[in-house]
Amino acid sequence: MIEARGLKKSFGSIEALRGVSFSAPDGKVTGLLGPNGAGKSTTLRILYTVLKPDAGVATIDGDDVCASSMAVRRNIGVLPHTSGLYPNLSARENIAYYGRLLGMQGKALDMRIDELARLLDLEEVIERRAKGFSQGERTKVALARALVHKPKNLLLDEPTNGLDVMATRALRELILRLKNEGICILFSSHIMQEVAALCDEIVIIGSGQVVASGTPEALREQTGEEGLEDAFVKAIGSAEGLL
Amino acid sequence: MGQIFTVFRKEVTDNLRDRRTLMSALFFGPLFGPLLFAGMISLSLQRSVGESIETMQLPVSGAENAPSLMAFLTQNNAEILPVEITLEAAKELIDAGTEDVVLIIPEGYGEALRSGTPAIVQLVSDSANSNARKNIRRTESLLRAYERQLSVQRLMVRGINPALINPIAVEDVDVSTPTGRSILLLGMMNYFIIFSMLMGGLYLATDTTAGERERGSLEPLLTLPVERWQLIVGKVLATCLFMVLSLIVSLLAFSVSLSFVPLAEVGMASNFGPLVAARIFFVMLPFALIGAAGMTAVASFTKSYKEAQTYLQVLMLVPTLPIIVAALFTLKPTLALMLIPSLSQHLVITGLMKADPLSLSFVATSFISTFCIGLGLLALATRLYRREGILG
């Protein structure tokens with residue numbers, strides 16, 4: 001369960017967030033939708049504790065992201081904008097590094113990695129070094145790394161970036177499966193179709209503010225538009241940066 | 001503790017697999033210094049040893065004009081090569097570097113000598129040519145010696161005591177031992193040791209900070225429930241390990257390469273044996289922390305891998321400064337100087353190499369001071385790592 005209330009953040013004179021509030025419940029997929037530069041990544045970065053908000057409060061499973069950042073970090077799995085694997089380490093070593101830093105070890109860790117490799121169809125490449133991985137393989141390893149400690153909340157920053165159709169589909173199926181396990185999933189995207197296909201709740205962000213939120217149906221009703229894309233354009237006020 | 005070790009182990013494994021890191025950290029860095037150093041000592045020994053024993057070849061134009069001078073030169077180990085050239089031609093020869101020095105004796109030489117007016121001889125040389133300097137100096141001093149011999153003879157013929165033209169006799173009392181003269185050489189050796197250590201840690205310090213950020217692996221790492229100081233300590237320890245490995249390789253290389261060089265000739269204890277090497281290792285050990293933490297702090301301040309490397313290359317020169325100052329002012333070790341990293345190691349190692357070790361309190365001060373400054377830099381690196389801006 002992720003909750004954000006009135007998050008503000010400036011970088012120098014640029015106001016990246018101007019009071020962002022929303023909540024992402026457990027067992028649901030929540031999509032942060034918005035054009036490039038709307039503040040999606042900044043919001044996620046505050047939630048996964050690498051940035052501190054200038055104002056506002058955010059909690060994950062009741063823990064404040066600033067005051068109890070260590071507790072928050074134990075309960076989240078993060079897939080940032082770039083996969084950030086270590087090219088000289090194998091897929092298994094990349095995942096195991098995070099597992100160990102999260103306090104796992106020995107056989108339990110090995111078995112968990114085997115399980116994730118099966119789940120993400122990584123068995124063939126699991127012992128190979130990450131240097132030559134395709135974008136899809138990199139994303140899958142990074143996702144396995146994020147899931148190694150079975151987090152109750154998963155934050156994904158544009159996870160389908162650079163993935164081909166097959167990999168995108170596989171990722172979508174995985175997200176749905178994790179959702180059915182009761183995990184709270186929050187992911188950002190600027191691709192409307194992707195959000196429409198996956199999300200139970202949509203939060204539309206434009207210029208650092210939430211401009212609309214709700215289920216896809218509710219959004220269509222709010223804006224009075226037939227299609228979701230039109231609803232999105234109307235909510236943001238322009239088609240800029242949509243495609 | 002476990003997390004620090006996990007970070008340490010990952011950084012070591014990761015970098016051991018990087019051939020570029022290995023080559024520069026454990027091969028080029030530590031081997032460059034000892035080889036260059038041994039080569040330089042051998043060269044400078046070749047130049048200075050056996051100055052007057054060796055026969056010097058001296059091209060002389062107009063040798064027939066001065067037979068007794070020629071006899072004097074031959075007696076003093078100069079082999080006269082009679083040539084017939086003009087001053088201009090001689091200049092060209094010197095310019096081209098074919099000859100170090102050419103002596104021209106004009107036709108009027110004998111005449112002038114007989115009539116008691118100064119007889120002119122022309123010594124053609126290039127004083128900017130350091131290779132020729134030895135032969136130039138030798139020829140000059142031979143000529144001066146001959147001139148002196150002639151003046152003494154002239155005075156004696158006239159019944160005057162030659163001692164009269166020496167109102168003052170300067171007696172040189174040189175207290176410098178061969179040892180004292182080797183300070184510059186030792187300074188260079190000590191810098192090479194420090195240099196190889198810094199080279200050993202350079203790639204790790206950049207890779208674990210600026211490199212990690214540029215690769216995009218820093219952001220997910222910071223979302224883990226690990227304190228940032230633990231990350232930094234793990235990374236700095238990994239850098240320290242590589243620096244220490246590099247130090248070991250460098251000391252081994254020094255002890256092998258210096259075994260071919262007559263160290264006693266330049267005033268160092270004649271052996272760079274296992275005991276001296278082990279002591280130097282111990283003296284240099286705390287410098288690993290200062291270097292690793294310092295480079296990590298600088299690298300975490302920079303925005304990119306390239307920027308980090310640029311700054312670190314400048315940083316690598318900083319430890320030379322105290323050594324240069326020490327060499328210029330021939331600083332004697334004092335307890336206060338032992339507080340300065342790099343300088344204190346330099347002075348302690350110099351003592352070891354001169355077989356004149358400093359007292360234990362000096363060595364301990366150097367060790368503790370360097371270690372504490374290292375801890376301070378580690379704290380600074382941690383502070384820099386805590387900034388939000390670290391993500392770039």
# chains A, B, ... in the order shown; residues from 1 in each chain; ligands from 1
>>> interface_residues(of="chain B", to="chain A", cutoff="9 Å", atoms="only C-alpha atoms", output="JSON, numbers by chain")
{"B": [2, 3, 4, 6, 7, 10, 13, 14, 15, 17, 18, 212, 213, 215, 216, 217, 218, 219, 220, 221, 222, 223, 224, 225, 226, 227, 388, 391]}
>>> write_last_selection(atoms="N, CA, C and O atoms", output="compact mmCIF listing (two decimals), in the first residue's frame")
# COMPACT_ATOMS: atom_id res chain seq x y z
N GLY B 2 28.30 -7.63 7.85
CA GLY B 2 28.08 -8.57 6.75
C GLY B 2 27.86 -7.83 5.45
O GLY B 2 28.35 -8.23 4.38
N GLN B 3 27.13 -6.69 5.55
CA GLN B 3 26.83 -5.95 4.33
C GLN B 3 28.08 -5.29 3.78
O GLN B 3 28.29 -5.25 2.57
N ILE B 4 28.93 -4.77 4.69
CA ILE B 4 30.18 -4.18 4.23
C ILE B 4 30.99 -5.23 3.49
O ILE B 4 31.53 -4.99 2.41
N THR B 6 29.85 -7.89 1.99
CA THR B 6 29.19 -8.21 0.71
C THR B 6 29.59 -7.19 -0.36
O THR B 6 29.94 -7.57 -1.49
N VAL B 7 29.56 -5.90 -0.01
CA VAL B 7 29.95 -4.86 -0.96
C VAL B 7 31.42 -5.03 -1.35
O VAL B 7 31.78 -5.01 -2.53
N LYS B 10 31.89 -8.04 -3.65
CA LYS B 10 31.37 -7.78 -5.00
C LYS B 10 32.33 -6.89 -5.80
O LYS B 10 32.62 -7.16 -6.96
N THR B 13 35.50 -8.91 -6.78
CA THR B 13 35.21 -9.86 -7.88
C THR B 13 35.03 -9.11 -9.19
O THR B 13 35.63 -9.46 -10.21
N ASP B 14 34.19 -8.09 -9.13
CA ASP B 14 33.87 -7.32 -10.33
C ASP B 14 35.14 -6.79 -10.99
O ASP B 14 35.36 -6.98 -12.19
N ASN B 15 36.01 -6.19 -10.20
CA ASN B 15 37.18 -5.56 -10.79
C ASN B 15 38.29 -6.54 -11.15
O ASN B 15 39.09 -6.27 -12.03
N ARG B 17 37.71 -9.11 -12.64
CA ARG B 17 37.33 -9.62 -13.95
C ARG B 17 37.55 -8.60 -15.06
O ARG B 17 37.35 -8.89 -16.22
N ASP B 18 37.92 -7.38 -14.67
CA ASP B 18 38.11 -6.33 -15.67
C ASP B 18 39.59 -6.26 -16.04
O ASP B 18 40.43 -5.90 -15.23
N GLU B 212 29.71 3.74 -11.21
CA GLU B 212 28.44 3.14 -10.80
C GLU B 212 27.26 4.06 -11.13
O GLU B 212 26.20 3.62 -11.54
N ARG B 213 27.51 5.35 -10.96
CA ARG B 213 26.44 6.31 -11.27
C ARG B 213 26.19 6.35 -12.77
O ARG B 213 25.05 6.34 -13.22
N ARG B 215 26.71 4.07 -14.97
CA ARG B 215 26.13 2.81 -15.42
C ARG B 215 24.67 2.71 -15.03
O ARG B 215 23.96 1.82 -15.49
N GLY B 216 24.22 3.57 -14.12
CA GLY B 216 22.84 3.51 -13.68
C GLY B 216 22.62 2.48 -12.59
O GLY B 216 21.50 2.17 -12.23
N SER B 217 23.72 1.93 -12.05
CA SER B 217 23.54 0.90 -11.02
C SER B 217 23.51 1.48 -9.61
O SER B 217 23.22 0.78 -8.66
N LEU B 218 23.81 2.78 -9.51
CA LEU B 218 23.83 3.39 -8.18
C LEU B 218 22.41 3.55 -7.62
O LEU B 218 22.14 3.29 -6.46
N GLU B 219 21.50 3.97 -8.51
CA GLU B 219 20.14 4.27 -8.05
C GLU B 219 19.45 3.05 -7.41
O GLU B 219 18.99 3.13 -6.28
N PRO B 220 19.44 1.87 -8.11
CA PRO B 220 18.83 0.72 -7.44
C PRO B 220 19.57 0.32 -6.18
O PRO B 220 18.96 -0.11 -5.20
N LEU B 221 20.90 0.51 -6.18
CA LEU B 221 21.68 0.14 -4.99
C LEU B 221 21.25 0.96 -3.78
O LEU B 221 21.19 0.46 -2.66
N LEU B 222 20.91 2.23 -4.02
CA LEU B 222 20.54 3.11 -2.91
C LEU B 222 19.12 2.84 -2.41
O LEU B 222 18.70 3.41 -1.41
N THR B 223 18.36 1.98 -3.13
CA THR B 223 17.02 1.66 -2.64
C THR B 223 17.06 0.45 -1.72
O THR B 223 16.02 -0.03 -1.28
N LEU B 224 18.26 -0.07 -1.44
CA LEU B 224 18.37 -1.24 -0.56
C LEU B 224 18.52 -0.78 0.89
O LEU B 224 19.05 0.30 1.15
N PRO B 225 18.09 -1.61 1.81
CA PRO B 225 18.19 -1.23 3.23
C PRO B 225 19.63 -1.36 3.74
O PRO B 225 19.91 -2.16 4.62
N VAL B 226 20.52 -0.59 3.14
CA VAL B 226 21.93 -0.59 3.56
C VAL B 226 22.29 0.87 3.79
O VAL B 226 21.97 1.73 2.97
N GLU B 227 22.95 1.16 4.92
CA GLU B 227 23.36 2.54 5.18
C GLU B 227 24.43 2.93 4.17
O GLU B 227 25.26 2.11 3.78
N GLU B 388 21.94 14.15 -2.08
CA GLU B 388 20.99 13.73 -3.11
C GLU B 388 21.63 13.83 -4.48
O GLU B 388 21.40 13.03 -5.36
N LEU B 391 23.15 11.24 -7.24
CA LEU B 391 22.50 10.52 -8.35
C LEU B 391 22.68 11.22 -9.68
O LEU B 391 22.45 10.63 -10.72
>>> select_by_dssp(residues="range 52-241 of chain B", states="helix (DSSP H, G or I)", output="PyMOL selection string")
chain B and resi 63-65+67-75+87-96+109-115+133-157+162-165+178-181+183-215+218-222+228-241
>>> residues_around(residues="range 190-192 of chain A", least_positions_apart="6", cutoff="6 Å", atoms="only C-alpha atoms", output="PyMOL selection string")
chain A and resi 33-35
>>> write_last_selection(atoms="N, CA and C atoms", output="tab-separated table (two decimals), in the first residue's frame")
chain	number	residue	atom	x	y	z
A	33	LEU	N	0.63	7.81	-15.21
A	33	LEU	CA	0.67	8.11	-16.64
A	33	LEU	C	0.92	9.60	-16.83
A	34	GLY	N	1.78	9.93	-17.77
A	34	GLY	CA	2.02	11.34	-18.01
A	34	GLY	C	3.05	11.51	-19.08
A	35	PRO	N	3.08	12.69	-19.70
A	35	PRO	CA	4.08	12.92	-20.74
A	35	PRO	C	5.48	12.99	-20.14
>>> closest_residue(among="B:Val276, B:Leu43, B:Leu204, B:Leu252", to="Glu11 in chain B", atoms="only C-alpha atoms")
B:Leu204
>>> residues_around(residues="Leu176 in chain A", least_positions_apart="4", cutoff="12 Å", atoms="only C-alpha atoms", output="list in words")
Gly27, Lys28, Val29, Thr30, Arg169, Ala170, Leu171, Arg172, Asn180, Glu181, Gly182, Ile183, Cys184, Ile185, Ala197, Leu198, Cys199 and Asp200 of chain A
>>> atom_distance(atom1="CA of Lys303 in chain B", atom2="CA of Thr206 in chain B")
10.9 Å
>>> residues_around(residues="range 226-229 of chain A", least_positions_apart="5", cutoff="9 Å", atoms="only C-alpha atoms", output="PDB file with N, CA, C and O atoms, in the first residue's frame")
ATOM      1  N   MET A 192       0.054   5.192 -23.340  1.00  0.00           N
ATOM      2  CA  MET A 192      -1.325   5.087 -22.898  1.00  0.00           C
ATOM      3  C   MET A 192      -1.877   3.669 -23.009  1.00  0.00           C
ATOM      4  O   MET A 192      -2.512   3.144 -22.093  1.00  0.00           O
ATOM      5  N   GLN A 193      -1.595   3.002 -24.153  1.00  0.00           N
ATOM      6  CA  GLN A 193      -2.145   1.666 -24.391  1.00  0.00           C
ATOM      7  C   GLN A 193      -1.688   0.689 -23.317  1.00  0.00           C
ATOM      8  O   GLN A 193      -2.437  -0.162 -22.862  1.00  0.00           O
ATOM      9  N   ALA A 196      -3.578   1.286 -20.174  1.00  0.00           N
ATOM     10  CA  ALA A 196      -4.959   0.856 -20.313  1.00  0.00           C
ATOM     11  C   ALA A 196      -5.068  -0.654 -20.194  1.00  0.00           C
ATOM     12  O   ALA A 196      -6.018  -1.186 -19.611  1.00  0.00           O
ATOM     13  N   PRO A 216     -10.020   3.166 -15.236  1.00  0.00           N
ATOM     14  CA  PRO A 216     -10.164   3.618 -16.623  1.00  0.00           C
ATOM     15  C   PRO A 216     -11.596   4.066 -16.938  1.00  0.00           C
ATOM     16  O   PRO A 216     -11.789   5.095 -17.595  1.00  0.00           O
ATOM     17  N   GLU A 217     -12.552   3.328 -16.415  1.00  0.00           N
ATOM     18  CA  GLU A 217     -13.959   3.706 -16.692  1.00  0.00           C
ATOM     19  C   GLU A 217     -14.280   5.058 -16.079  1.00  0.00           C
ATOM     20  O   GLU A 217     -14.877   5.927 -16.726  1.00  0.00           O
ATOM     21  N   LEU A 219     -12.345   7.432 -15.425  1.00  0.00           N
ATOM     22  CA  LEU A 219     -11.668   8.516 -16.135  1.00  0.00           C
ATOM     23  C   LEU A 219     -12.454   8.928 -17.370  1.00  0.00           C
ATOM     24  O   LEU A 219     -12.603  10.112 -17.668  1.00  0.00           O
ATOM     25  N   ARG A 220     -12.942   7.899 -18.078  1.00  0.00           N
ATOM     26  CA  ARG A 220     -13.736   8.207 -19.276  1.00  0.00           C
ATOM     27  C   ARG A 220     -14.966   9.007 -18.887  1.00  0.00           C
ATOM     28  O   ARG A 220     -15.347   9.968 -19.546  1.00  0.00           O
ATOM     29  N   GLU A 221     -15.596   8.622 -17.785  1.00  0.00           N
ATOM     30  CA  GLU A 221     -16.800   9.349 -17.345  1.00  0.00           C
ATOM     31  C   GLU A 221     -16.480  10.779 -16.937  1.00  0.00           C
ATOM     32  O   GLU A 221     -17.149  11.714 -17.343  1.00  0.00           O
ATOM     33  N   LYS A 234      -7.359  15.152 -22.904  1.00  0.00           N
ATOM     34  CA  LYS A 234      -8.183  16.205 -22.315  1.00  0.00           C
ATOM     35  C   LYS A 234      -7.704  16.540 -20.901  1.00  0.00           C
ATOM     36  O   LYS A 234      -7.641  17.702 -20.502  1.00  0.00           O
TER      37      LYS A 234
END
